[in-house]
Amino acid sequence: MMLLLAQVLSIAALAPLVQGVMKRLRANLQGRPGPSPLQPYRDLAKLLNKEALLPHGVSPIPLVAPGIVLGVAVTFASVLPIVAPNAMGIVDVIALAFLLGLGRFVLALAALDTRSSFAGMAASREMTFGSLVEPALLLALLGGAALGRGTHLSVLPDVPFGLAGMLAFAAFFLVLLAETARVPVDNQETHYELTMIHEGLVLEYSGWQLAMLQYAGYIRQLCFLVLAAMLLPGGAEGWRHLPWILGLMGAVTVVETLFAKLRLFEVPQLFGTALIFAVASIGLRVLGGLA
Amino acid sequence: MLRSVGVVTMCVVAVLAAAVAAIGFRAHGAEIAAATFQGAVPALALRFAVTPLSAPFCALLAILTTAVAMWCMRRGAPGEPLLIALFTAAMLLVLVARSVALFFIAWEAMSLVSAFLVAAHHDRRGVRRATFTYLVVAQTGALCVLVALTLLALAAGDTSFAGIAAHAARLSPGLRDTVFVFALLGFGSKAGLMPLHFWLPRAHPVAPASASAMLSGAMLKVALYGLLVVTLELAAPGPSWWGLALVAIGTVSAVGGVLYALVDHDLKRLLAYHSVENVGIIVIGIGVALLARSAGSSALAGLALVAALFHTINHGLFKALLFLGAGTVNEVEGTVDLERLGGLWGELVWTAPFFLIGCAAITGLPPFNGFASEWLTFQSLVGGLSGGGLTVTFVFVAAIAGLALTGGLAAACFVKVFGVVFLGASRRIDARPAVRERLDASTTGVALLAGLCIVLGVVPMLAVGPLAGVVGKTLGLVVLPPPALPVLPVTLALLPLAGALLCVVMAARRSIRFVPTWTCGSPVSAAAQYTATAFSKPLRTVFAFVLLPERQRRYEMGSSRWLPERISYRTESRYLVDEGARRFAAVILRFARRFRLVQSGSLRMYLAYALAALIVAVGLAR
């Protein structure tokens, strides 16, 4: 139990740093000096002290949505099998997908309640991509692990790595780019209303509510990075995934620098690719008798 | 007066159903409390009995009837409750029928009474047409059911279900498969499986809301009960392709149903399409159970069947809730067109939160009941993934992907429904004074369903325990639910709930300031809100190859060449299945024209036909 608490606290403590480092790295790769890696902490502190504004006449949903989203992110951090492989063994791959759906659902409802057409547009796009990415997410994790081993997350690091594992990882990496609002799908740095998805969803949020949402986003991002690292070879022990996580942070940043954002209606093809990778991975495992 | 009589009758039927359910859950053997009425013809004997398998369906019937009766006390037309009571009684009769003749009589009674319910607003446009479509499908389906049951009875030489079941093991493979195909056509069309679902989105929305709640919540389930009785008992054990076919059909129904729901903007029709989706999910569970049973892995079969039955109960609960909510919206606003609704949260202060619970439950969000049963269905699919050959793996991977996609699309659809209907600002053009809903009998009925959605979600073992018993008695095995299930919903929902509370506390301590929505400086207008059509636009485009959307844009130019005075936009989906059905109907009609020759219209000719038929019948009977 203490170990689990330590896991959640360390993820929560490091998540803004990960965001800061990636932002700095991206700026450097683009030839800009970029902000300090500690900037996200300062931003969060600043926002926490600010007053929150909400549109007139909203229901309680936009009020509680940031808390629910943050709760989902912290739950995500607690179910990762890092230090305590079996402590939260009851939450499996499938339950995880449903859990992520909860945060998305509430945030999209809150966006629609704000009466802003930009938020509505973002809600529409978020739910579109959310529904398309879900099969790929589930099959990538199942392909990485579950065949014959159950669906628990804790089996992920024990799976032998091979071609099938590589395909599962490739599928999951594409999912990761979408779920963390990264460039081929979304752009965290944009504030041009017609292109943003995640930024549009939180357009009407401010102050401590915005801080909660951003913090939840950082935690979610680190959790996805950890999960992706677990699909790579490295063994089950604690922090041996650390080099992979650092490598993945670099990889995401390089992808963000090298590629342009895809046109909205080309994004589903990306998810289709991920789905094909995942299905191929499962097929290989079945054919290879690993099932 | 009429309303009171109807509501009381409904309550009586509900109590009866509850009693039957209580007997069924306690039953140890196959049939208890049996009674047989031998008529003059032994083949037409009417046999009543309660079986464990019918118990969950009866329990669902009892709950739904109670909730709908409460809703009917305040809302709906006064004549509706009595018809619904009859309808429920007919469904109850189907569930306790244990001989071919009684089952068929009860089945037909159910179809006919429900047809009257569908035709309740027969003076409105399109209602008679919908009723006609419903009747045609219902009668064709009933015919298929009759063929399947008669084939079985002939083979067994007995018309009681117990007798047929005793003979089931000796059926020839060809006959077994024929029976399965006819049962699938008959029960599947009634349950709304694709591609025989097309009557459903026509009939359900035109029926009164209370009737829709019973049609979607209960009648589809009775059809699935029929399918279960045939596949698990009367014609069991089936070959593995039955299960595989059901998984495939279920997946198609689930994905197809939710896709059409997504682009539909009539609230009730949209809900009807979601019934197609959820019946698909249930049938996936049934398919996995049959497949596992034929492969001999009884643990998986038990798990899958529990998942299917649990989702049956859950879908009944939240779908009835949503239909009753839609009925309330319809009475308050006079429309169920999503494009004209909005901002009802402030008026329907009771229905809106309950409706939100229904939306969350049907989407499968933890900790509501839909999550528990969908999770179980996924578990059974993953469990079967690595069992069979390559075909099984392929179908199961497709089913997992399909089910995941369905979950995502359902979430998108219910964000649309709830966001557009209840949240935001009202899209009403004519101003009318806001009416604040009060807590009365009808809202209490909806609250009952919402409460059950929460209770069965947080404590899934309340339902899974008895269901495991039912499945165990039906299949003759011991079912162990996954050990994670009892604690999973709470584990997932605890921190999000704590987060929500944190927000409330924060808001109380450091007040939130309410300001106008930021609209880049232009005046705030309700018309600028995202609409249902706009919301579903990206998915309509992505799935254009299924949905075949058509759009019309019209510009009415005024004095200026560049600035149109009015722009109108219409989009509509064509239905692949309807196109197919239309062609099929054309072929049938052409064929039917040939047979006009025998329809001379002369009375003497018809008497001659009757005489000839009689002679043939007597000749055959000798």
# chains A, B, ... in the order shown; residues from 1 in each chain; ligands from 1

$ closest_atom_pairs --of "range 208-293 of chain B" --to "range 177-194 of chain B" --cutoff "9 Å" --atoms "only C-alpha atoms" --output "Markdown table"
| residue | atom | partner | partner_atom | distance |
| --- | --- | --- | --- | --- |
| B:Ser216 | CA | B:Ala191 | CA | 8.8 |
| B:Met219 | CA | B:Ala191 | CA | 7.6 |
| B:Leu220 | CA | B:Ala191 | CA | 4.3 |
| B:Lys221 | CA | B:Ala191 | CA | 6.9 |
| B:Val222 | CA | B:Ala191 | CA | 8.0 |
| B:Ala223 | CA | B:Phe187 | CA | 5.1 |
| B:Leu224 | CA | B:Ala191 | CA | 6.3 |
| B:Tyr225 | CA | B:Phe187 | CA | 8.7 |
| B:Gly226 | CA | B:Phe187 | CA | 6.4 |
| B:Leu227 | CA | B:Phe187 | CA | 5.9 |
| B:Val230 | CA | B:Ala183 | CA | 7.2 |
| B:Thr231 | CA | B:Phe180 | CA | 7.1 |
| B:Ala235 | CA | B:Val179 | CA | 7.5 |
| B:Gly238 | CA | B:Asp177 | CA | 7.8 |
| B:Pro239 | CA | B:Asp177 | CA | 8.3 |
| B:Trp242 | CA | B:Phe180 | CA | 7.8 |
| B:Leu246 | CA | B:Leu184 | CA | 9.0 |
| B:Ile249 | CA | B:Met194 | CA | 7.0 |
| B:Gly250 | CA | B:Leu193 | CA | 7.2 |
| B:Val252 | CA | B:Met194 | CA | 6.8 |
| B:Ser253 | CA | B:Met194 | CA | 4.9 |
| B:Ala254 | CA | B:Met194 | CA | 8.6 |
| B:Gly256 | CA | B:Met194 | CA | 7.6 |
| B:Gly257 | CA | B:Met194 | CA | 7.9 |
| B:Ser275 | CA | B:Gly192 | CA | 7.7 |
| B:Val276 | CA | B:Gly192 | CA | 5.5 |
| B:Glu277 | CA | B:Leu193 | CA | 8.4 |
| B:Val279 | CA | B:Leu193 | CA | 6.9 |
| B:Gly280 | CA | B:Leu193 | CA | 6.6 |
| B:Val283 | CA | B:Leu193 | CA | 8.7 |

$ closest_atom_pairs --of "chain A" --to "chain B" --cutoff "6 Å" --atoms "only C-alpha atoms" --output "tab-separated table"
residue	atom	partner	partner_atom	distance
A:Ala52	CA	B:Ile512	CA	5.3
A:Leu53	CA	B:Arg513	CA	4.9
A:Leu54	CA	B:Phe514	CA	5.0
A:Pro55	CA	B:Thr517	CA	4.9
A:His56	CA	B:Phe514	CA	5.2
A:Val64	CA	B:Ala500	CA	4.7
A:Gly67	CA	B:Gly499	CA	3.8
A:Ile68	CA	B:Pro496	CA	4.2
A:Gly71	CA	B:Pro496	CA	3.8
A:Val72	CA	B:Pro496	CA	5.4
A:Ile90	CA	B:Ala484	CA	5.0
A:Leu102	CA	B:Leu365	CA	5.6
A:Leu109	CA	B:Gly419	CA	5.5
A:Leu112	CA	B:Gly419	CA	5.5
A:Asp113	CA	B:Gly424	CA	4.3
A:Arg115	CA	B:Gly424	CA	5.1
A:Ser116	CA	B:Gln529	CA	5.9
A:Ser117	CA	B:Gln529	CA	5.0
A:Gly120	CA	B:Tyr530	CA	5.2
A:Ser124	CA	B:Phe535	CA	4.9
A:Met127	CA	B:Ala412	CA	5.0
A:Thr128	CA	B:Leu539	CA	6.0
A:Ser131	CA	B:Gly408	CA	3.6
A:Glu134	CA	B:Ala404	CA	5.8
A:Pro135	CA	B:Ala401	CA	4.7
A:Ala291	CA	B:Ser386	CA	5.7

$ residues_around --residues "Leu60 in chain B" --least-positions-apart "6" --cutoff "9 Å" --atoms "only C-alpha atoms" --output "PyMOL selection string"
chain B and resi 17-18+21+217-218+312-314+316-317

$ write_last_selection --atoms "N, CA and C atoms" --output "mmCIF file, in the first residue's frame"
data_model
loop_
_atom_site.group_PDB
_atom_site.id
_atom_site.type_symbol
_atom_site.label_atom_id
_atom_site.label_comp_id
_atom_site.auth_asym_id
_atom_site.auth_seq_id
_atom_site.Cartn_x
_atom_site.Cartn_y
_atom_site.Cartn_z
ATOM 1 N N ALA B 17 -45.627 -11.078 -12.108
ATOM 2 C CA ALA B 17 -44.306 -11.328 -12.703
ATOM 3 C C ALA B 17 -43.267 -11.502 -11.608
ATOM 4 N N ALA B 18 -43.362 -10.659 -10.582
ATOM 5 C CA ALA B 18 -42.398 -10.763 -9.487
ATOM 6 C C ALA B 18 -42.523 -12.113 -8.796
ATOM 7 N N ALA B 21 -40.979 -14.704 -10.912
ATOM 8 C CA ALA B 21 -39.522 -14.583 -10.843
ATOM 9 C C ALA B 21 -39.004 -15.192 -9.551
ATOM 10 N N GLY B 217 -37.493 -2.189 -23.671
ATOM 11 C CA GLY B 217 -36.970 -2.709 -22.425
ATOM 12 C C GLY B 217 -37.301 -4.170 -22.224
ATOM 13 N N ALA B 218 -38.485 -4.589 -22.645
ATOM 14 C CA ALA B 218 -38.921 -5.939 -22.292
ATOM 15 C C ALA B 218 -39.141 -6.848 -23.496
ATOM 16 N N THR B 312 -28.808 -8.014 -20.475
ATOM 17 C CA THR B 312 -30.237 -7.990 -20.787
ATOM 18 C C THR B 312 -30.995 -7.179 -19.733
ATOM 19 N N ILE B 313 -30.724 -7.502 -18.464
ATOM 20 C CA ILE B 313 -31.386 -6.784 -17.371
ATOM 21 C C ILE B 313 -31.020 -5.297 -17.444
ATOM 22 N N ASN B 314 -29.715 -5.040 -17.571
ATOM 23 C CA ASN B 314 -29.256 -3.661 -17.531
ATOM 24 C C ASN B 314 -29.844 -2.844 -18.666
ATOM 25 N N GLY B 316 -32.562 -3.375 -20.230
ATOM 26 C CA GLY B 316 -33.975 -3.134 -19.934
ATOM 27 C C GLY B 316 -34.130 -1.934 -19.016
ATOM 28 N N LEU B 317 -33.303 -1.867 -17.979
ATOM 29 C CA LEU B 317 -33.429 -0.782 -17.004
ATOM 30 C C LEU B 317 -33.112 0.573 -17.635
#

$ residues_around --residues "Leu300 in chain B" --least-positions-apart "3" --cutoff "9 Å" --atoms "only C-alpha atoms" --output "compact mmCIF listing (two decimals) with N, CA and C atoms, in the first residue's frame"
# COMPACT_ATOMS: atom_id res chain seq x y z
N VAL B 288 -20.87 -16.34 -27.64
CA VAL B 288 -19.67 -16.87 -26.97
C VAL B 288 -20.06 -18.07 -26.10
N ALA B 289 -21.22 -17.94 -25.42
CA ALA B 289 -21.65 -19.04 -24.55
C ALA B 289 -21.88 -20.31 -25.37
N ALA B 292 -18.51 -21.69 -26.62
CA ALA B 292 -17.72 -22.31 -25.54
C ALA B 292 -18.35 -23.63 -25.13
N ARG B 293 -19.68 -23.68 -25.16
CA ARG B 293 -20.36 -24.89 -24.74
C ARG B 293 -20.08 -26.02 -25.73
N SER B 297 -15.76 -25.91 -22.99
CA SER B 297 -15.21 -25.12 -21.88
C SER B 297 -16.36 -24.47 -21.12
N LEU B 303 -19.69 -17.90 -17.88
CA LEU B 303 -19.36 -16.48 -17.78
C LEU B 303 -20.05 -15.67 -18.87
N ALA B 304 -19.99 -16.20 -20.11
CA ALA B 304 -20.57 -15.46 -21.23
C ALA B 304 -22.08 -15.34 -21.09
N LEU B 305 -22.71 -16.42 -20.63
CA LEU B 305 -24.16 -16.37 -20.50
C LEU B 305 -24.57 -15.43 -19.37
N SER B 380 -15.49 -12.32 -21.53
CA SER B 380 -15.80 -13.60 -22.15
C SER B 380 -15.22 -13.67 -23.56
N GLY B 383 -11.61 -14.29 -23.20
CA GLY B 383 -11.43 -15.66 -22.76
C GLY B 383 -11.54 -16.65 -23.91
N GLY B 384 -12.40 -16.34 -24.88
CA GLY B 384 -12.58 -17.26 -26.00
C GLY B 384 -11.60 -17.03 -27.13
N VAL B 479 -20.97 -21.66 -11.89
CA VAL B 479 -20.40 -20.46 -12.51
C VAL B 479 -19.70 -19.63 -11.44

$ select_by_dssp --residues "range 344-505 of chain B" --states "helix (DSSP H, G or I)" --output "PyMOL selection string"
chain B and resi 344-346+351-363+369-385+390-421+441-458+461-475+488-505

$ residues_around --residues "Gly207 in chain A" --least-positions-apart "6" --cutoff "6 Å" --atoms "only C-alpha atoms" --output "MDAnalysis selection string"
chainID A and resid 47:48 50:52

$ closest_residue --among "B:Thr65, B:Thr533, B:Ser54, B:Ser240" --to "Met121 in chain A" --atoms "only C-alpha atoms"
B:Thr533

$ select_by_dssp --residues "range 43-263 of chain A" --states "strand (DSSP E or B)" --output "PyMOL selection string"
chain A and resi 53-55+92+152

$ write_last_selection --atoms "C-alpha atoms" --output "CSV table (one decimal), in the first residue's frame"
chain,number,residue,atom,x,y,z
A,53,LEU,CA,-14.9,31.7,-14.2
A,54,LEU,CA,-17.8,29.8,-15.8
A,55,PRO,CA,-20.5,30.8,-18.3
A,92,ASP,CA,-7.4,-4.7,-16.3
A,152,HIS,CA,-4.4,-7.7,-16.3

$ closest_residue --among "A:Ser36, A:Ser59, A:Thr180, A:Thr75" --to "Thr253 in chain A" --atoms "only C-alpha atoms"
A:Thr180

$ residues_around --residues "range 210-225 of chain A" --least-positions-apart "5" --cutoff "8 Å" --atoms "only C-alpha atoms" --output "PDB file with N, CA and C atoms, in the first residue's frame"
ATOM      1  N   ILE A  11       4.556   9.750  -9.682  1.00  0.00           N
ATOM      2  CA  ILE A  11       4.027  10.095 -11.008  1.00  0.00           C
ATOM      3  C   ILE A  11       3.430  11.497 -10.966  1.00  0.00           C
ATOM      4  N   ALA A  12       2.668  11.771  -9.911  1.00  0.00           N
ATOM      5  CA  ALA A  12       2.040  13.083  -9.809  1.00  0.00           C
ATOM      6  C   ALA A  12       3.085  14.189  -9.706  1.00  0.00           C
ATOM      7  N   ALA A  15       5.050  14.431 -13.318  1.00  0.00           N
ATOM      8  CA  ALA A  15       4.303  14.640 -14.559  1.00  0.00           C
ATOM      9  C   ALA A  15       4.506  16.033 -15.158  1.00  0.00           C
ATOM     10  N   PRO A  16       4.448  17.118 -14.361  1.00  0.00           N
ATOM     11  CA  PRO A  16       4.680  18.435 -14.970  1.00  0.00           C
ATOM     12  C   PRO A  16       6.102  18.580 -15.502  1.00  0.00           C
ATOM     13  N   VAL A  18       7.923  16.227 -16.829  1.00  0.00           N
ATOM     14  CA  VAL A  18       7.967  15.545 -18.125  1.00  0.00           C
ATOM     15  C   VAL A  18       7.440  16.473 -19.215  1.00  0.00           C
ATOM     16  N   GLN A  19       6.323  17.117 -18.909  1.00  0.00           N
ATOM     17  CA  GLN A  19       5.757  18.058 -19.887  1.00  0.00           C
ATOM     18  C   GLN A  19       6.744  19.177 -20.180  1.00  0.00           C
ATOM     19  N   LEU A  44       1.046  26.025 -13.152  1.00  0.00           N
ATOM     20  CA  LEU A  44       0.017  25.422 -12.292  1.00  0.00           C
ATOM     21  C   LEU A  44      -0.163  26.240 -11.021  1.00  0.00           C
ATOM     22  N   ALA A  45       0.956  26.656 -10.427  1.00  0.00           N
ATOM     23  CA  ALA A  45       0.867  27.431  -9.186  1.00  0.00           C
ATOM     24  C   ALA A  45       0.131  28.739  -9.433  1.00  0.00           C
ATOM     25  N   LEU A  47      -2.063  29.417 -11.833  1.00  0.00           N
ATOM     26  CA  LEU A  47      -3.488  29.183 -12.103  1.00  0.00           C
ATOM     27  C   LEU A  47      -4.246  28.816 -10.830  1.00  0.00           C
ATOM     28  N   LEU A  48      -3.584  28.054  -9.950  1.00  0.00           N
ATOM     29  CA  LEU A  48      -4.262  27.620  -8.724  1.00  0.00           C
ATOM     30  C   LEU A  48      -4.689  28.801  -7.875  1.00  0.00           C
ATOM     31  N   ALA A  52     -11.792  31.179 -10.623  1.00  0.00           N
ATOM     32  CA  ALA A  52     -12.327  30.430 -11.755  1.00  0.00           C
ATOM     33  C   ALA A  52     -13.583  31.110 -12.280  1.00  0.00           C
ATOM     34  N   PRO A  66     -13.631  19.063 -13.960  1.00  0.00           N
ATOM     35  CA  PRO A  66     -12.180  19.006 -13.770  1.00  0.00           C
ATOM     36  C   PRO A  66     -11.775  18.013 -12.686  1.00  0.00           C
ATOM     37  N   GLY A  67     -12.565  17.950 -11.613  1.00  0.00           N
ATOM     38  CA  GLY A  67     -12.254  17.011 -10.544  1.00  0.00           C
ATOM     39  C   GLY A  67     -12.361  15.575 -11.016  1.00  0.00           C
ATOM     40  N   VAL A  69     -12.048  14.474 -14.075  1.00  0.00           N
ATOM     41  CA  VAL A  69     -10.949  14.191 -15.007  1.00  0.00           C
ATOM     42  C   VAL A  69      -9.652  13.951 -14.231  1.00  0.00           C
ATOM     43  N   LEU A  70      -9.428  14.766 -13.204  1.00  0.00           N
ATOM     44  CA  LEU A  70      -8.229  14.581 -12.384  1.00  0.00           C
ATOM     45  C   LEU A  70      -8.283  13.235 -11.658  1.00  0.00           C
ATOM     46  N   GLY A  71      -9.468  12.894 -11.144  1.00  0.00           N
ATOM     47  CA  GLY A  71      -9.623  11.606 -10.463  1.00  0.00           C
ATOM     48  C   GLY A  71      -9.332  10.442 -11.396  1.00  0.00           C
ATOM     49  N   ALA A  73      -7.337  10.526 -13.967  1.00  0.00           N
ATOM     50  CA  ALA A  73      -5.895  10.492 -14.222  1.00  0.00           C
ATOM     51  C   ALA A  73      -5.147   9.855 -13.054  1.00  0.00           C
ATOM     52  N   VAL A  74      -5.548  10.205 -11.829  1.00  0.00           N
ATOM     53  CA  VAL A  74      -4.847   9.646 -10.657  1.00  0.00           C
ATOM     54  C   VAL A  74      -5.123   8.142 -10.552  1.00  0.00           C
ATOM     55  N   PHE A  76      -5.629   6.207 -13.045  1.00  0.00           N
ATOM     56  CA  PHE A  76      -4.764   5.657 -14.084  1.00  0.00           C
ATOM     57  C   PHE A  76      -3.356   5.462 -13.518  1.00  0.00           C
ATOM     58  N   ALA A  77      -2.854   6.480 -12.820  1.00  0.00           N
ATOM     59  CA  ALA A  77      -1.504   6.388 -12.258  1.00  0.00           C
ATOM     60  C   ALA A  77      -1.413   5.273 -11.225  1.00  0.00           C
ATOM     61  N   LEU A  80      -1.080   1.453 -12.808  1.00  0.00           N
ATOM     62  CA  LEU A  80       0.090   1.023 -13.577  1.00  0.00           C
ATOM     63  C   LEU A  80       0.926   0.060 -12.736  1.00  0.00           C
ATOM     64  N   LEU A 176      -0.901   6.625 -28.362  1.00  0.00           N
ATOM     65  CA  LEU A 176      -0.336   7.561 -27.391  1.00  0.00           C
ATOM     66  C   LEU A 176      -0.321   8.982 -27.962  1.00  0.00           C
ATOM     67  N   GLU A 179      -3.859  10.217 -27.756  1.00  0.00           N
ATOM     68  CA  GLU A 179      -4.404  10.392 -26.407  1.00  0.00           C
ATOM     69  C   GLU A 179      -3.717  11.514 -25.645  1.00  0.00           C
ATOM     70  N   THR A 180      -2.474  11.848 -26.026  1.00  0.00           N
ATOM     71  CA  THR A 180      -1.798  12.927 -25.317  1.00  0.00           C
ATOM     72  C   THR A 180      -1.838  14.224 -26.128  1.00  0.00           C
ATOM     73  N   VAL A 202     -11.277  22.813 -23.300  1.00  0.00           N
ATOM     74  CA  VAL A 202     -11.118  23.497 -22.017  1.00  0.00           C
ATOM     75  C   VAL A 202     -11.138  25.010 -22.198  1.00  0.00           C
ATOM     76  N   TYR A 205     -12.545  27.220 -19.499  1.00  0.00           N
ATOM     77  CA  TYR A 205     -12.060  27.001 -18.137  1.00  0.00           C
ATOM     78  C   TYR A 205     -10.966  28.004 -17.787  1.00  0.00           C
ATOM     79  N   ILE A 245      11.296   5.350 -21.078  1.00  0.00           N
ATOM     80  CA  ILE A 245      10.397   6.504 -20.937  1.00  0.00           C
ATOM     81  C   ILE A 245      11.084   7.760 -21.474  1.00  0.00           C
ATOM     82  N   LEU A 248      11.126   7.590 -25.158  1.00  0.00           N
ATOM     83  CA  LEU A 248       9.807   7.866 -25.740  1.00  0.00           C
ATOM     84  C   LEU A 248       9.503   9.360 -25.728  1.00  0.00           C
ATOM     85  N   MET A 249       9.925  10.027 -24.645  1.00  0.00           N
ATOM     86  CA  MET A 249       9.716  11.480 -24.598  1.00  0.00           C
ATOM     87  C   MET A 249      10.412  12.134 -25.774  1.00  0.00           C
TER      88      MET A 249
END

$ closest_residue --among "B:Val329, B:Ala90, B:Val459, B:Leu200" --to "Phe132 in chain B" --atoms "only C-alpha atoms"
B:Leu200

$ closest_residue --among "B:Ala352, B:Ala27, B:Val306, B:Ala544" --to "Gly465 in chain B" --atoms "only C-alpha atoms"
B:Val306

$ residues_around --residues "Met196 in chain A" --least-positions-apart "6" --cutoff "7 Å" --atoms "only C-alpha atoms" --output "MDAnalysis selection string"
chainID A and resid 122 186:187 190
